[in-house]
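Q: Handing over protein.pdb, PDB, C-alpha atoms.
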ATOM      1  CA  MET A  23       7.251 -15.376 -20.303  1.00  0.00           C
ATOM      2  CA  ILE A  24       8.830 -11.983 -19.593  1.00  0.00           C
ATOM      3  CA  ASP A  25      10.781 -10.501 -22.463  1.00  0.00           C
ATOM      4  CA  PRO A  26      14.330  -9.745 -21.225  1.00  0.00           C
ATOM      5  CA  LEU A  27      13.963  -6.270 -22.727  1.00  0.00           C
ATOM      6  CA  ASP A  28      10.696  -5.492 -20.943  1.00  0.00           C
ATOM      7  CA  ARG A  29      11.107  -2.124 -19.223  1.00  0.00           C
ATOM      8  CA  GLY A  30       9.321  -3.323 -16.131  1.00  0.00           C
ATOM      9  CA  PHE A  31      11.989  -6.019 -15.760  1.00  0.00           C
ATOM     10  CA  THR A  32      15.000  -3.879 -16.652  1.00  0.00           C
ATOM     11  CA  LEU A  33      14.032  -0.467 -15.221  1.00  0.00           C
ATOM     12  CA  GLY A  34      11.020  -0.902 -12.961  1.00  0.00           C
ATOM     13  CA  ASP A  35       9.027   1.102 -15.526  1.00  0.00           C
ATOM     14  CA  GLY A  36       5.452   0.284 -14.626  1.00  0.00           C
ATOM     15  CA  LEU A  37       2.790   0.039 -11.954  1.00  0.00           C
ATOM     16  CA  PHE A  38       0.953  -2.582  -9.965  1.00  0.00           C
ATOM     17  CA  GLU A  39      -2.141  -3.015  -7.832  1.00  0.00           C
ATOM     18  CA  THR A  40      -2.830  -5.725  -5.266  1.00  0.00           C
ATOM     19  CA  VAL A  41      -6.504  -6.477  -4.741  1.00  0.00           C
ATOM     20  CA  LEU A  42      -8.166  -8.690  -2.161  1.00  0.00           C
ATOM     21  CA  TRP A  43     -10.323 -11.514  -3.477  1.00  0.00           C
ATOM     22  CA  ALA A  44     -12.820 -12.580  -0.810  1.00  0.00           C
ATOM     23  CA  ASP A  45     -16.308 -14.084  -0.898  1.00  0.00           C
ATOM     24  CA  GLY A  46     -16.174 -14.275  -4.685  1.00  0.00           C
ATOM     25  CA  THR A  47     -15.416 -10.584  -5.155  1.00  0.00           C
ATOM     26  CA  LEU A  48     -12.443  -8.420  -6.051  1.00  0.00           C
ATOM     27  CA  ARG A  49     -12.775  -5.919  -3.220  1.00  0.00           C
ATOM     28  CA  ARG A  50     -12.821  -2.204  -4.121  1.00  0.00           C
ATOM     29  CA  LEU A  51     -11.731  -3.082  -7.649  1.00  0.00           C
ATOM     30  CA  ASP A  52     -13.080   0.178  -9.064  1.00  0.00           C
ATOM     31  CA  ARG A  53     -10.843   2.213  -6.742  1.00  0.00           C
ATOM     32  CA  HIS A  54      -7.781   0.118  -7.523  1.00  0.00           C
ATOM     33  CA  LEU A  55      -8.304   0.469 -11.267  1.00  0.00           C
ATOM     34  CA  ALA A  56      -8.943   4.202 -10.890  1.00  0.00           C
ATOM     35  CA  ARG A  57      -5.617   4.557  -9.074  1.00  0.00           C
ATOM     36  CA  LEU A  58      -3.861   2.477 -11.726  1.00  0.00           C
ATOM     37  CA  THR A  59      -5.327   4.659 -14.482  1.00  0.00           C
ATOM     38  CA  ALA A  60      -4.317   7.855 -12.674  1.00  0.00           C
ATOM     39  CA  GLY A  61      -0.827   6.432 -12.150  1.00  0.00           C
ATOM     40  CA  CYS A  62      -0.517   5.708 -15.860  1.00  0.00           C
ATOM     41  CA  GLU A  63      -1.444   9.300 -16.661  1.00  0.00           C
ATOM     42  CA  ALA A  64       1.113  10.594 -14.153  1.00  0.00           C
ATOM     43  CA  LEU A  65       3.883   8.382 -15.537  1.00  0.00           C
ATOM     44  CA  GLY A  66       3.025   8.910 -19.195  1.00  0.00           C
ATOM     45  CA  LEU A  67       1.863   5.347 -19.835  1.00  0.00           C
ATOM     46  CA  PRO A  68      -1.167   4.354 -21.921  1.00  0.00           C
ATOM     47  CA  ALA A  69      -4.149   3.661 -19.697  1.00  0.00           C
ATOM     48  CA  PRO A  70      -5.111  -0.009 -19.490  1.00  0.00           C
ATOM     49  CA  ASP A  71      -8.343  -1.422 -20.823  1.00  0.00           C
ATOM     50  CA  LEU A  72     -10.248  -1.905 -17.575  1.00  0.00           C
ATOM     51  CA  ALA A  73     -12.378  -4.792 -18.827  1.00  0.00           C
ATOM     52  CA  THR A  74      -9.230  -6.650 -19.867  1.00  0.00           C
ATOM     53  CA  ALA A  75      -7.618  -5.906 -16.522  1.00  0.00           C
ATOM     54  CA  GLU A  76     -10.571  -7.323 -14.611  1.00  0.00           C
ATOM     55  CA  ALA A  77     -10.733 -10.392 -16.864  1.00  0.00           C
ATOM     56  CA  LEU A  78      -7.030 -11.099 -16.260  1.00  0.00           C
ATOM     57  CA  MET A  79      -7.526 -10.873 -12.514  1.00  0.00           C
ATOM     58  CA  GLN A  80     -10.587 -13.112 -12.545  1.00  0.00           C
ATOM     59  CA  GLN A  81      -8.688 -15.661 -14.620  1.00  0.00           C
ATOM     60  CA  ALA A  82      -5.725 -15.526 -12.241  1.00  0.00           C
ATOM     61  CA  VAL A  83      -8.032 -16.412  -9.343  1.00  0.00           C
ATOM     62  CA  ALA A  84      -9.522 -19.301 -11.298  1.00  0.00           C
ATOM     63  CA  ASP A  85      -6.095 -20.608 -12.332  1.00  0.00           C
ATOM     64  CA  ALA A  86      -4.806 -20.488  -8.746  1.00  0.00           C
ATOM     65  CA  GLU A  87      -7.552 -22.943  -7.635  1.00  0.00           C
ATOM     66  CA  LEU A  88      -7.740 -21.444  -4.157  1.00  0.00           C
ATOM     67  CA  GLY A  89     -11.295 -22.549  -3.470  1.00  0.00           C
ATOM     68  CA  ASP A  90     -12.935 -20.402  -0.808  1.00  0.00           C
ATOM     69  CA  ARG A  91      -9.653 -18.991   0.484  1.00  0.00           C
ATOM     70  CA  ARG A  92      -8.948 -15.279   0.414  1.00  0.00           C
ATOM     71  CA  ALA A  93      -6.502 -14.337  -2.336  1.00  0.00           C
ATOM     72  CA  ALA A  94      -4.029 -11.564  -3.044  1.00  0.00           C
ATOM     73  CA  VAL A  95      -4.512 -10.740  -6.714  1.00  0.00           C
ATOM     74  CA  ARG A  96      -1.745  -8.673  -8.252  1.00  0.00           C
ATOM     75  CA  LEU A  97      -2.158  -6.822 -11.525  1.00  0.00           C
ATOM     76  CA  THR A  98       1.137  -5.668 -13.038  1.00  0.00           C
ATOM     77  CA  LEU A  99       1.386  -3.229 -15.928  1.00  0.00           C
ATOM     78  CA  THR A 100       4.746  -2.513 -17.566  1.00  0.00           C
ATOM     79  CA  ALA A 101       5.863  -0.114 -20.276  1.00  0.00           C
ATOM     80  CA  GLY A 102       6.624  -3.146 -22.443  1.00  0.00           C
ATOM     81  CA  VAL A 103       9.683  -3.791 -24.579  1.00  0.00           C
ATOM     82  CA  GLY A 104      11.731  -0.694 -25.213  1.00  0.00           C
ATOM     83  CA  GLY A 105      15.247  -1.722 -26.161  1.00  0.00           C
ATOM     84  CA  ARG A 106      18.320  -0.602 -24.280  1.00  0.00           C
ATOM     85  CA  GLY A 107      18.554   2.720 -22.406  1.00  0.00           C
ATOM     86  CA  LEU A 108      16.237   5.026 -20.500  1.00  0.00           C
ATOM     87  CA  ASP A 109      14.260   6.479 -23.398  1.00  0.00           C
ATOM     88  CA  ARG A 110      10.916   4.867 -24.071  1.00  0.00           C
ATOM     89  CA  PRO A 111      10.019   3.983 -27.654  1.00  0.00           C
ATOM     90  CA  GLU A 112       7.716   6.424 -29.422  1.00  0.00           C
ATOM     91  CA  ALA A 113       4.999   3.774 -29.541  1.00  0.00           C
ATOM     92  CA  ILE A 114       4.608   2.196 -26.100  1.00  0.00           C
ATOM     93  CA  SER A 115       3.109  -1.292 -26.036  1.00  0.00           C
ATOM     94  CA  PRO A 116       2.301  -2.008 -22.391  1.00  0.00           C
ATOM     95  CA  GLU A 117       2.244  -5.521 -20.999  1.00  0.00           C
ATOM     96  CA  MET A 118      -0.298  -6.523 -18.365  1.00  0.00           C
ATOM     97  CA  VAL A 119      -0.360  -9.688 -16.299  1.00  0.00           C
ATOM     98  CA  ALA A 120      -2.227 -10.882 -13.209  1.00  0.00           C
ATOM     99  CA  THR A 121      -1.305 -13.442 -10.572  1.00  0.00           C
ATOM    100  CA  ALA A 122      -3.109 -14.769  -7.498  1.00  0.00           C
ATOM    101  CA  ALA A 123      -1.844 -16.332  -4.287  1.00  0.00           C
ATOM    102  CA  PRO A 124      -3.273 -17.007  -0.824  1.00  0.00           C
ATOM    103  CA  ALA A 125      -3.764 -13.746   1.064  1.00  0.00           C
ATOM    104  CA  PRO A 126      -2.232 -13.252   4.505  1.00  0.00           C
ATOM    105  CA  PRO A 127      -4.700 -13.700   7.359  1.00  0.00           C
ATOM    106  CA  ALA A 128      -6.602 -10.602   8.373  1.00  0.00           C
ATOM    107  CA  GLY A 129      -6.467  -9.190  11.866  1.00  0.00           C
ATOM    108  CA  GLY A 130      -3.838  -9.987  14.440  1.00  0.00           C
ATOM    109  CA  SER A 131      -1.316  -7.497  15.708  1.00  0.00           C
ATOM    110  CA  ALA A 132       2.038  -6.282  14.436  1.00  0.00           C
ATOM    111  CA  ARG A 133       5.384  -5.317  15.900  1.00  0.00           C
ATOM    112  CA  LEU A 134       7.043  -2.327  14.227  1.00  0.00           C
ATOM    113  CA  ILE A 135      10.509  -0.847  14.201  1.00  0.00           C
ATOM    114  CA  THR A 136      11.467   2.515  12.734  1.00  0.00           C
ATOM    115  CA  ALA A 137      13.546   1.833   9.641  1.00  0.00           C
ATOM    116  CA  ILE A 138      16.708   3.660   8.672  1.00  0.00           C
ATOM    117  CA  THR A 139      15.575   3.529   5.035  1.00  0.00           C
ATOM    118  CA  ARG A 140      13.667   6.728   4.252  1.00  0.00           C
ATOM    119  CA  ARG A 141      10.624   7.412   2.124  1.00  0.00           C
ATOM    120  CA  ASN A 142      11.444   9.975  -0.575  1.00  0.00           C
ATOM    121  CA  GLU A 143       8.453  12.301  -0.391  1.00  0.00           C
ATOM    122  CA  GLY A 144       9.799  14.340  -3.312  1.00  0.00           C
ATOM    123  CA  SER A 145       9.710  11.400  -5.717  1.00  0.00           C
ATOM    124  CA  ILE A 146       6.713  10.649  -7.918  1.00  0.00           C
ATOM    125  CA  ALA A 147       7.320   7.000  -7.010  1.00  0.00           C
ATOM    126  CA  SER A 148       6.027   7.742  -3.494  1.00  0.00           C
ATOM    127  CA  ARG A 149       2.637   8.694  -4.907  1.00  0.00           C
ATOM    128  CA  TRP A 150       1.935   5.585  -6.994  1.00  0.00           C
ATOM    129  CA  LYS A 151       2.495   1.838  -6.749  1.00  0.00           C
ATOM    130  CA  THR A 152       5.407   1.754  -9.144  1.00  0.00           C
ATOM    131  CA  LEU A 153       7.529  -1.308  -9.829  1.00  0.00           C
ATOM    132  CA  ALA A 154      10.494   0.539  -8.267  1.00  0.00           C
ATOM    133  CA  TYR A 155       9.857  -0.666  -4.703  1.00  0.00           C
ATOM    134  CA  MET A 156      13.402  -1.076  -3.440  1.00  0.00           C
ATOM    135  CA  ASP A 157      13.058   1.369  -0.517  1.00  0.00           C
ATOM    136  CA  ASN A 158      10.082  -0.621   0.760  1.00  0.00           C
ATOM    137  CA  VAL A 159      11.948  -3.895   0.274  1.00  0.00           C
ATOM    138  CA  LEU A 160      14.921  -2.627   2.282  1.00  0.00           C
ATOM    139  CA  ALA A 161      12.729  -1.227   5.053  1.00  0.00           C
ATOM    140  CA  ARG A 162      10.908  -4.550   5.397  1.00  0.00           C
ATOM    141  CA  ARG A 163      14.270  -6.326   5.433  1.00  0.00           C
ATOM    142  CA  GLU A 164      15.315  -4.133   8.367  1.00  0.00           C
ATOM    143  CA  ALA A 165      12.131  -5.064  10.200  1.00  0.00           C
ATOM    144  CA  ARG A 166      12.601  -8.788   9.669  1.00  0.00           C
ATOM    145  CA  ALA A 167      16.231  -8.599  10.766  1.00  0.00           C
ATOM    146  CA  ALA A 168      15.066  -6.945  14.000  1.00  0.00           C
ATOM    147  CA  GLY A 169      12.418  -9.611  14.599  1.00  0.00           C
ATOM    148  CA  ALA A 170       9.558  -7.251  13.755  1.00  0.00           C
ATOM    149  CA  ASP A 171       6.654  -7.660  11.359  1.00  0.00           C
ATOM    150  CA  GLU A 172       6.681  -4.252   9.697  1.00  0.00           C
ATOM    151  CA  ALA A 173       8.789  -1.137   9.314  1.00  0.00           C
ATOM    152  CA  LEU A 174       7.749   2.425  10.023  1.00  0.00           C
ATOM    153  CA  MET A 175       9.188   4.649   7.295  1.00  0.00           C
ATOM    154  CA  LEU A 176       9.989   8.310   7.844  1.00  0.00           C
ATOM    155  CA  ASN A 177      10.499  10.761   4.997  1.00  0.00           C
ATOM    156  CA  ASN A 178      13.625  12.824   4.358  1.00  0.00           C
ATOM    157  CA  ALA A 179      12.414  15.480   6.800  1.00  0.00           C
ATOM    158  CA  GLY A 180      12.034  12.930   9.584  1.00  0.00           C
ATOM    159  CA  GLU A 181       8.230  13.017   9.376  1.00  0.00           C
ATOM    160  CA  ILE A 182       6.026   9.938   9.689  1.00  0.00           C
ATOM    161  CA  ALA A 183       5.167   8.630   6.225  1.00  0.00           C
ATOM    162  CA  CYS A 184       3.923   5.049   6.184  1.00  0.00           C
ATOM    163  CA  ALA A 185       4.830   1.435   6.817  1.00  0.00           C
ATOM    164  CA  SER A 186       6.649  -0.578   4.169  1.00  0.00           C
ATOM    165  CA  ALA A 187       3.375  -2.096   2.901  1.00  0.00           C
ATOM    166  CA  ALA A 188       0.651  -0.179   4.707  1.00  0.00           C
ATOM    167  CA  ASN A 189      -0.666   3.196   5.690  1.00  0.00           C
ATOM    168  CA  LEU A 190      -0.447   4.206   9.326  1.00  0.00           C
ATOM    169  CA  PHE A 191      -2.910   5.818  11.750  1.00  0.00           C
ATOM    170  CA  TRP A 192      -2.444   6.757  15.384  1.00  0.00           C
ATOM    171  CA  VAL A 193      -4.525   8.062  18.275  1.00  0.00           C
ATOM    172  CA  GLU A 194      -2.919  10.943  20.129  1.00  0.00           C
ATOM    173  CA  ASP A 195      -3.064  11.447  23.876  1.00  0.00           C
ATOM    174  CA  ASP A 196      -6.040  13.808  23.511  1.00  0.00           C
ATOM    175  CA  GLY A 197      -7.958  11.182  21.508  1.00  0.00           C
ATOM    176  CA  ARG A 198      -7.419  12.746  18.078  1.00  0.00           C
ATOM    177  CA  LEU A 199      -7.152  10.207  15.229  1.00  0.00           C
ATOM    178  CA  CYS A 200      -4.349  11.099  12.792  1.00  0.00           C
ATOM    179  CA  THR A 201      -2.690   9.815   9.634  1.00  0.00           C
ATOM    180  CA  PRO A 202       0.209  11.278   7.615  1.00  0.00           C
ATOM    181  CA  ALA A 203      -0.743  13.697   4.854  1.00  0.00           C
ATOM    182  CA  LEU A 204       0.044  12.503   1.333  1.00  0.00           C
ATOM    183  CA  GLU A 205       2.655  15.259   1.090  1.00  0.00           C
ATOM    184  CA  CYS A 206       4.710  13.302   3.642  1.00  0.00           C
ATOM    185  CA  GLY A 207       5.250  10.559   1.068  1.00  0.00           C
ATOM    186  CA  ALA A 208       2.342   8.378   2.145  1.00  0.00           C
ATOM    187  CA  LEU A 209       0.756   6.326  -0.593  1.00  0.00           C
ATOM    188  CA  ALA A 210      -2.868   7.156  -1.307  1.00  0.00           C
ATOM    189  CA  GLY A 211      -3.923   3.741  -0.050  1.00  0.00           C
ATOM    190  CA  ILE A 212      -7.310   2.354  -1.001  1.00  0.00           C
ATOM    191  CA  THR A 213      -8.203   1.332   2.563  1.00  0.00           C
ATOM    192  CA  ARG A 214      -6.832   4.642   3.849  1.00  0.00           C
ATOM    193  CA  GLU A 215      -9.152   6.375   1.418  1.00  0.00           C
ATOM    194  CA  ALA A 216     -12.073   4.269   2.646  1.00  0.00           C
ATOM    195  CA  VAL A 217     -11.372   5.225   6.260  1.00  0.00           C
ATOM    196  CA  LEU A 218     -11.197   8.918   5.376  1.00  0.00           C
ATOM    197  CA  ALA A 219     -14.512   8.649   3.517  1.00  0.00           C
ATOM    198  CA  LEU A 220     -16.318   7.495   6.659  1.00  0.00           C
ATOM    199  CA  ASP A 221     -18.097   9.835   9.026  1.00  0.00           C
ATOM    200  CA  TRP A 222     -15.119   9.780  11.395  1.00  0.00           C
ATOM    201  CA  GLU A 223     -12.945  12.753  12.230  1.00  0.00           C
ATOM    202  CA  VAL A 224      -9.416  12.026  10.987  1.00  0.00           C
ATOM    203  CA  ALA A 225      -6.653  14.641  10.805  1.00  0.00           C
ATOM    204  CA  GLU A 226      -4.188  14.379   7.911  1.00  0.00           C
ATOM    205  CA  VAL A 227      -1.034  15.841   9.407  1.00  0.00           C
ATOM    206  CA  ARG A 228       2.689  16.362   8.972  1.00  0.00           C
ATOM    207  CA  ALA A 229       4.256  15.096  12.171  1.00  0.00           C
ATOM    208  CA  PRO A 230       7.720  14.141  13.424  1.00  0.00           C
ATOM    209  CA  ASN A 231       8.349  10.610  14.611  1.00  0.00           C
ATOM    210  CA  SER A 232       8.449  11.883  18.192  1.00  0.00           C
ATOM    211  CA  VAL A 233       4.628  12.177  18.309  1.00  0.00           C
ATOM    212  CA  LEU A 234       4.376   8.388  18.275  1.00  0.00           C
ATOM    213  CA  SER A 235       6.253   8.219  21.576  1.00  0.00           C
ATOM    214  CA  THR A 236       3.121   9.514  23.299  1.00  0.00           C
ATOM    215  CA  ALA A 237       0.490   8.039  20.975  1.00  0.00           C
ATOM    216  CA  ARG A 238      -2.063   5.890  22.757  1.00  0.00           C
ATOM    217  CA  HIS A 239      -2.740   3.536  19.872  1.00  0.00           C
ATOM    218  CA  VAL A 240      -1.372   2.828  16.392  1.00  0.00           C
ATOM    219  CA  PHE A 241      -2.847   0.744  13.580  1.00  0.00           C
ATOM    220  CA  LEU A 242      -2.091  -0.109   9.965  1.00  0.00           C
ATOM    221  CA  THR A 243      -4.308  -0.302   6.894  1.00  0.00           C
ATOM    222  CA  ASN A 244      -3.921  -1.962   3.535  1.00  0.00           C
ATOM    223  CA  SER A 245      -6.089  -3.814   1.050  1.00  0.00           C
ATOM    224  CA  LEU A 246      -5.113  -7.316   2.131  1.00  0.00           C
ATOM    225  CA  ILE A 247      -4.990  -7.065   5.924  1.00  0.00           C
ATOM    226  CA  GLY A 248      -7.704  -4.451   6.321  1.00  0.00           C
ATOM    227  CA  LEU A 249      -7.038  -2.827   9.712  1.00  0.00           C
ATOM    228  CA  ARG A 250      -4.286  -4.250  11.914  1.00  0.00           C
ATOM    229  CA  THR A 251      -3.382  -3.044  15.372  1.00  0.00           C
ATOM    230  CA  VAL A 252       0.238  -2.289  16.276  1.00  0.00           C
ATOM    231  CA  ALA A 253       1.136  -4.004  19.542  1.00  0.00           C
ATOM    232  CA  GLU A 254       4.713  -2.757  19.747  1.00  0.00           C
ATOM    233  CA  LEU A 255       6.699   0.102  18.215  1.00  0.00           C
ATOM    234  CA  ASP A 256      10.460   0.210  18.740  1.00  0.00           C
ATOM    235  CA  GLY A 257      10.081  -1.939  21.834  1.00  0.00           C
ATOM    236  CA  ARG A 258       7.276   0.132  23.397  1.00  0.00           C
ATOM    237  CA  ALA A 259       4.059  -1.797  24.036  1.00  0.00           C
ATOM    238  CA  LEU A 260       0.849  -0.278  22.685  1.00  0.00           C
ATOM    239  CA  ALA A 261      -2.697  -1.193  23.631  1.00  0.00           C
ATOM    240  CA  PRO A 262      -5.320  -1.983  20.986  1.00  0.00           C
ATOM    241  CA  TRP A 263      -7.601   0.931  20.152  1.00  0.00           C
ATOM    242  CA  PRO A 264     -11.047   0.157  21.625  1.00  0.00           C
ATOM    243  CA  GLU A 265     -12.752   1.736  18.604  1.00  0.00           C
ATOM    244  CA  LEU A 266     -10.892  -0.376  16.031  1.00  0.00           C
ATOM    245  CA  GLU A 267     -13.495  -3.118  15.765  1.00  0.00           C
ATOM    246  CA  ARG A 268     -16.224  -0.533  15.258  1.00  0.00           C
ATOM    247  CA  LEU A 269     -14.147   1.078  12.537  1.00  0.00           C
ATOM    248  CA  LYS A 270     -13.616  -2.312  10.881  1.00  0.00           C
ATOM    249  CA  ALA A 271     -17.347  -2.946  10.919  1.00  0.00           C
ATOM    250  CA  ALA A 272     -17.990   0.429   9.297  1.00  0.00           C
ATOM    251  CA  LEU A 273     -15.722  -0.506   6.379  1.00  0.00           C
ATOM    252  CA  THR A 274     -17.427  -3.777   5.496  1.00  0.00           C
TER     253      THR A 274
END
Kindly transcribe the structure held in the file into structure tokens.
A:
Amino acid sequence: MIDPLDRGFTLGDGLFETVLWADGTLRRLDRHLARLTAGCEALGLPAPDLATAEALMQQAVADAELGDRRAAVRLTLTAGVGGRGLDRPEAISPEMVATAAPAPPAGGSARLITAITRRNEGSIASRWKTLAYMDNVLARREARAAGADEALMLNNAGEIACASAANLFWVEDDGRLCTPALECGALAGITREAVLALDWEVAEVRAPNSVLSTARHVFLTNSLIGLRTVAELDGRALAPWPELERLKAALT
């Protein structure tokens, strides 16, 4: 049960991580928990006990009885009960809960539209997976209303930031592989981080949306879908990147 005074429920005061369960393993769990811990430090929340966090996630998978299916395991940490108003209590008692559900299928292609809803690159909420996700919700709603799968989000300067639930990469006309710099409001995604750690040349750039009008290929990354090609952006057809399968193989 969620206490009606829980700050995560009333104010979005908290963080979450969504981890892929596949082949009996919580994929890249150490990186997810490291990001959660860093997010707690940034937001002034007590760091979670990592052993407890992992145990909750393992139990959520068991309780969901998903068999051999891939699962999306969400760990949510809130600032706990804090009474009315914005001020946190002097002694914060965080709440932590985990849930598991079937994960979306990996692979496939996506159709994107550029959302009107902007990513606020100046907000600390753009740097962590906070419970205040309304901008992402609205951007995805725009995409669904337009018959698309995902929304491309620009920041307040009109630069490419991310998709509503994924990081974004593109291949420019000269073959250069690019992704938005974190300063653009892009989340420091776990799969994004894994791609950047490979022996591939990737440029982290600040770029206006116009560069995508000449991009050869675009693809998305997140922890559940892995790497997903973009087949259409704002009505313009895009071809799959021939190197994408090789990149996928390098990440496994």
Q: For A:Leu78, find every residue with an atom within 9 Å (counting all atoms listed in the file), except residues of its own chain fewer than 5 positions away, and show them as a list in words.
A: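 Result of the neighbour search: Ala73, Val83, Leu97, Met118, Val119, Ala120 and Thr121 of chain A.
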Q: Near stretch 173-179 of chain A, within 8 Å and counting only C-alpha atoms, which residues show up once chain neighbours fewer than 3 positions away are dropped, as an mmCIF file with C-alpha atoms, in the frame of the given file?
A:
data_model
loop_
_atom_site.group_PDB
_atom_site.id
_atom_site.type_symbol
_atom_site.label_atom_id
_atom_site.label_comp_id
_atom_site.auth_asym_id
_atom_site.auth_seq_id
_atom_site.Cartn_x
_atom_site.Cartn_y
_atom_site.Cartn_z
ATOM 1 C CA LEU A 134 7.043 -2.327 14.227
ATOM 2 C CA ILE A 135 10.509 -0.847 14.201
ATOM 3 C CA THR A 136 11.467 2.515 12.734
ATOM 4 C CA ALA A 137 13.546 1.833 9.641
ATOM 5 C CA ILE A 138 16.708 3.660 8.672
ATOM 6 C CA THR A 139 15.575 3.529 5.035
ATOM 7 C CA ARG A 140 13.667 6.728 4.252
ATOM 8 C CA ARG A 141 10.624 7.412 2.124
ATOM 9 C CA ASN A 142 11.444 9.975 -0.575
ATOM 10 C CA GLU A 143 8.453 12.301 -0.391
ATOM 11 C CA ALA A 161 12.729 -1.227 5.053
ATOM 12 C CA ARG A 162 10.908 -4.550 5.397
ATOM 13 C CA GLU A 164 15.315 -4.133 8.367
ATOM 14 C CA ALA A 165 12.131 -5.064 10.200
ATOM 15 C CA ALA A 170 9.558 -7.251 13.755
ATOM 16 C CA ILE A 182 6.026 9.938 9.689
ATOM 17 C CA ALA A 183 5.167 8.630 6.225
ATOM 18 C CA CYS A 184 3.923 5.049 6.184
ATOM 19 C CA ALA A 185 4.830 1.435 6.817
ATOM 20 C CA SER A 186 6.649 -0.578 4.169
ATOM 21 C CA CYS A 206 4.710 13.302 3.642
ATOM 22 C CA GLY A 207 5.250 10.559 1.068
ATOM 23 C CA ASN A 231 8.349 10.610 14.611
#
Q: Could you list, as a list in words, every residue within 7 Å of stretch 31-36 of chain A, counting only C-alpha atoms and ignoring same-chain residues fewer than 6 positions away?
A: Leu99, Thr100, Ala101, Thr152, Leu153 and Ala154 of chain A
Q: Hey, what's within 12 Å of A:Glu265 if we count all atoms listed in the file and toss same-chain stuff fewer than 4 positions away? As a list of chain:residue names, please?
A: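 So the residues in contact are A:Trp192, A:Val193, A:Gly197, A:Leu199, A:Trp222, A:His239, A:Val240, A:Phe241, A:Leu249, A:Thr251, A:Ala261, A:Leu269, A:Lys270, A:Ala271, A:Ala272.
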Q: With 8 Å on each side, where is the centre of the axis-aligned box around all listed atoms of stretch 138-153 of chain A, and how long are its edges in Å to one decimal, as lines of an AutoDock Vina configuration file?
A:
center_x = 9.3
center_y = 6.5
center_z = -0.6
size_x = 30.8
size_y = 31.6
size_z = 34.5
Q: With the PyMOL selection byres ((chain A and resi 104-107) around 12) as the selection, what would be picked from this file? Answer as a short mmCIF file (atom, residue, chain, number, x, y, z; two decimals) with C-alpha atoms, in the coordinates of the input, please.
A:
data_model
loop_
_atom_site.label_atom_id
_atom_site.label_comp_id
_atom_site.auth_asym_id
_atom_site.auth_seq_id
_atom_site.Cartn_x
_atom_site.Cartn_y
_atom_site.Cartn_z
CA ASP A 25 10.78 -10.50 -22.46
CA PRO A 26 14.33 -9.74 -21.22
CA LEU A 27 13.96 -6.27 -22.73
CA ASP A 28 10.70 -5.49 -20.94
CA ARG A 29 11.11 -2.12 -19.22
CA GLY A 30 9.32 -3.32 -16.13
CA PHE A 31 11.99 -6.02 -15.76
CA THR A 32 15.00 -3.88 -16.65
CA LEU A 33 14.03 -0.47 -15.22
CA ASP A 35 9.03 1.10 -15.53
CA THR A 100 4.75 -2.51 -17.57
CA ALA A 101 5.86 -0.11 -20.28
CA GLY A 102 6.62 -3.15 -22.44
CA VAL A 103 9.68 -3.79 -24.58
CA LEU A 108 16.24 5.03 -20.50
CA ASP A 109 14.26 6.48 -23.40
CA ARG A 110 10.92 4.87 -24.07
CA PRO A 111 10.02 3.98 -27.65
CA GLU A 112 7.72 6.42 -29.42
CA ALA A 113 5.00 3.77 -29.54
CA ILE A 114 4.61 2.20 -26.10
CA SER A 115 3.11 -1.29 -26.04
CA PRO A 116 2.30 -2.01 -22.39
CA GLU A 117 2.24 -5.52 -21.00
#
Q: Restricting the calculation to only C-alpha atoms: of A:Leu266, A:Val252, A:Val227, A:Leu65, which residue gets closest to A:Ala147?
A: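 Nearest candidate to A:Ala147 out of A:Leu266, A:Val252, A:Val227, A:Leu65: A:Leu65.
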Q: Given all atoms listed in the file as the basis, pick out the residue of A:Gly248, A:Gly169, A:Pro262, A:Pro68 nearest to A:Gly211.
A: A:Gly248
Q: What does the distance from atom CA of A:Ala208 to atom CA of A:Leu48 come to in Å, to one decimal?
A: 23.8 Å
Q: With the PyMOL selection byres ((chain A and resi 246) around 12) as the selection, what would be picked from this file? Answer as a PyMOL selection string, please.
A: chain A and resi 39-44+48-50+92-96+123-129+187-189+211-213+242-245+247-250
Q: Limited to C-alpha atoms, could you put the picked residues into a file as a CSV table (one decimal), in the coordinates of the input?
A:
chain,number,residue,atom,x,y,z
A,39,GLU,CA,-2.1,-3.0,-7.8
A,40,THR,CA,-2.8,-5.7,-5.3
A,41,VAL,CA,-6.5,-6.5,-4.7
A,42,LEU,CA,-8.2,-8.7,-2.2
A,43,TRP,CA,-10.3,-11.5,-3.5
A,44,ALA,CA,-12.8,-12.6,-0.8
A,48,LEU,CA,-12.4,-8.4,-6.1
A,49,ARG,CA,-12.8,-5.9,-3.2
A,50,ARG,CA,-12.8,-2.2,-4.1
A,92,ARG,CA,-8.9,-15.3,0.4
A,93,ALA,CA,-6.5,-14.3,-2.3
A,94,ALA,CA,-4.0,-11.6,-3.0
A,95,VAL,CA,-4.5,-10.7,-6.7
A,96,ARG,CA,-1.7,-8.7,-8.3
A,123,ALA,CA,-1.8,-16.3,-4.3
A,124,PRO,CA,-3.3,-17.0,-0.8
A,125,ALA,CA,-3.8,-13.7,1.1
A,126,PRO,CA,-2.2,-13.3,4.5
A,127,PRO,CA,-4.7,-13.7,7.4
A,128,ALA,CA,-6.6,-10.6,8.4
A,129,GLY,CA,-6.5,-9.2,11.9
A,187,ALA,CA,3.4,-2.1,2.9
A,188,ALA,CA,0.7,-0.2,4.7
A,189,ASN,CA,-0.7,3.2,5.7
A,211,GLY,CA,-3.9,3.7,0.0
A,212,ILE,CA,-7.3,2.4,-1.0
A,213,THR,CA,-8.2,1.3,2.6
A,242,LEU,CA,-2.1,-0.1,10.0
A,243,THR,CA,-4.3,-0.3,6.9
A,244,ASN,CA,-3.9,-2.0,3.5
A,245,SER,CA,-6.1,-3.8,1.0
A,247,ILE,CA,-5.0,-7.1,5.9
A,248,GLY,CA,-7.7,-4.5,6.3
A,249,LEU,CA,-7.0,-2.8,9.7
A,250,ARG,CA,-4.3,-4.2,11.9
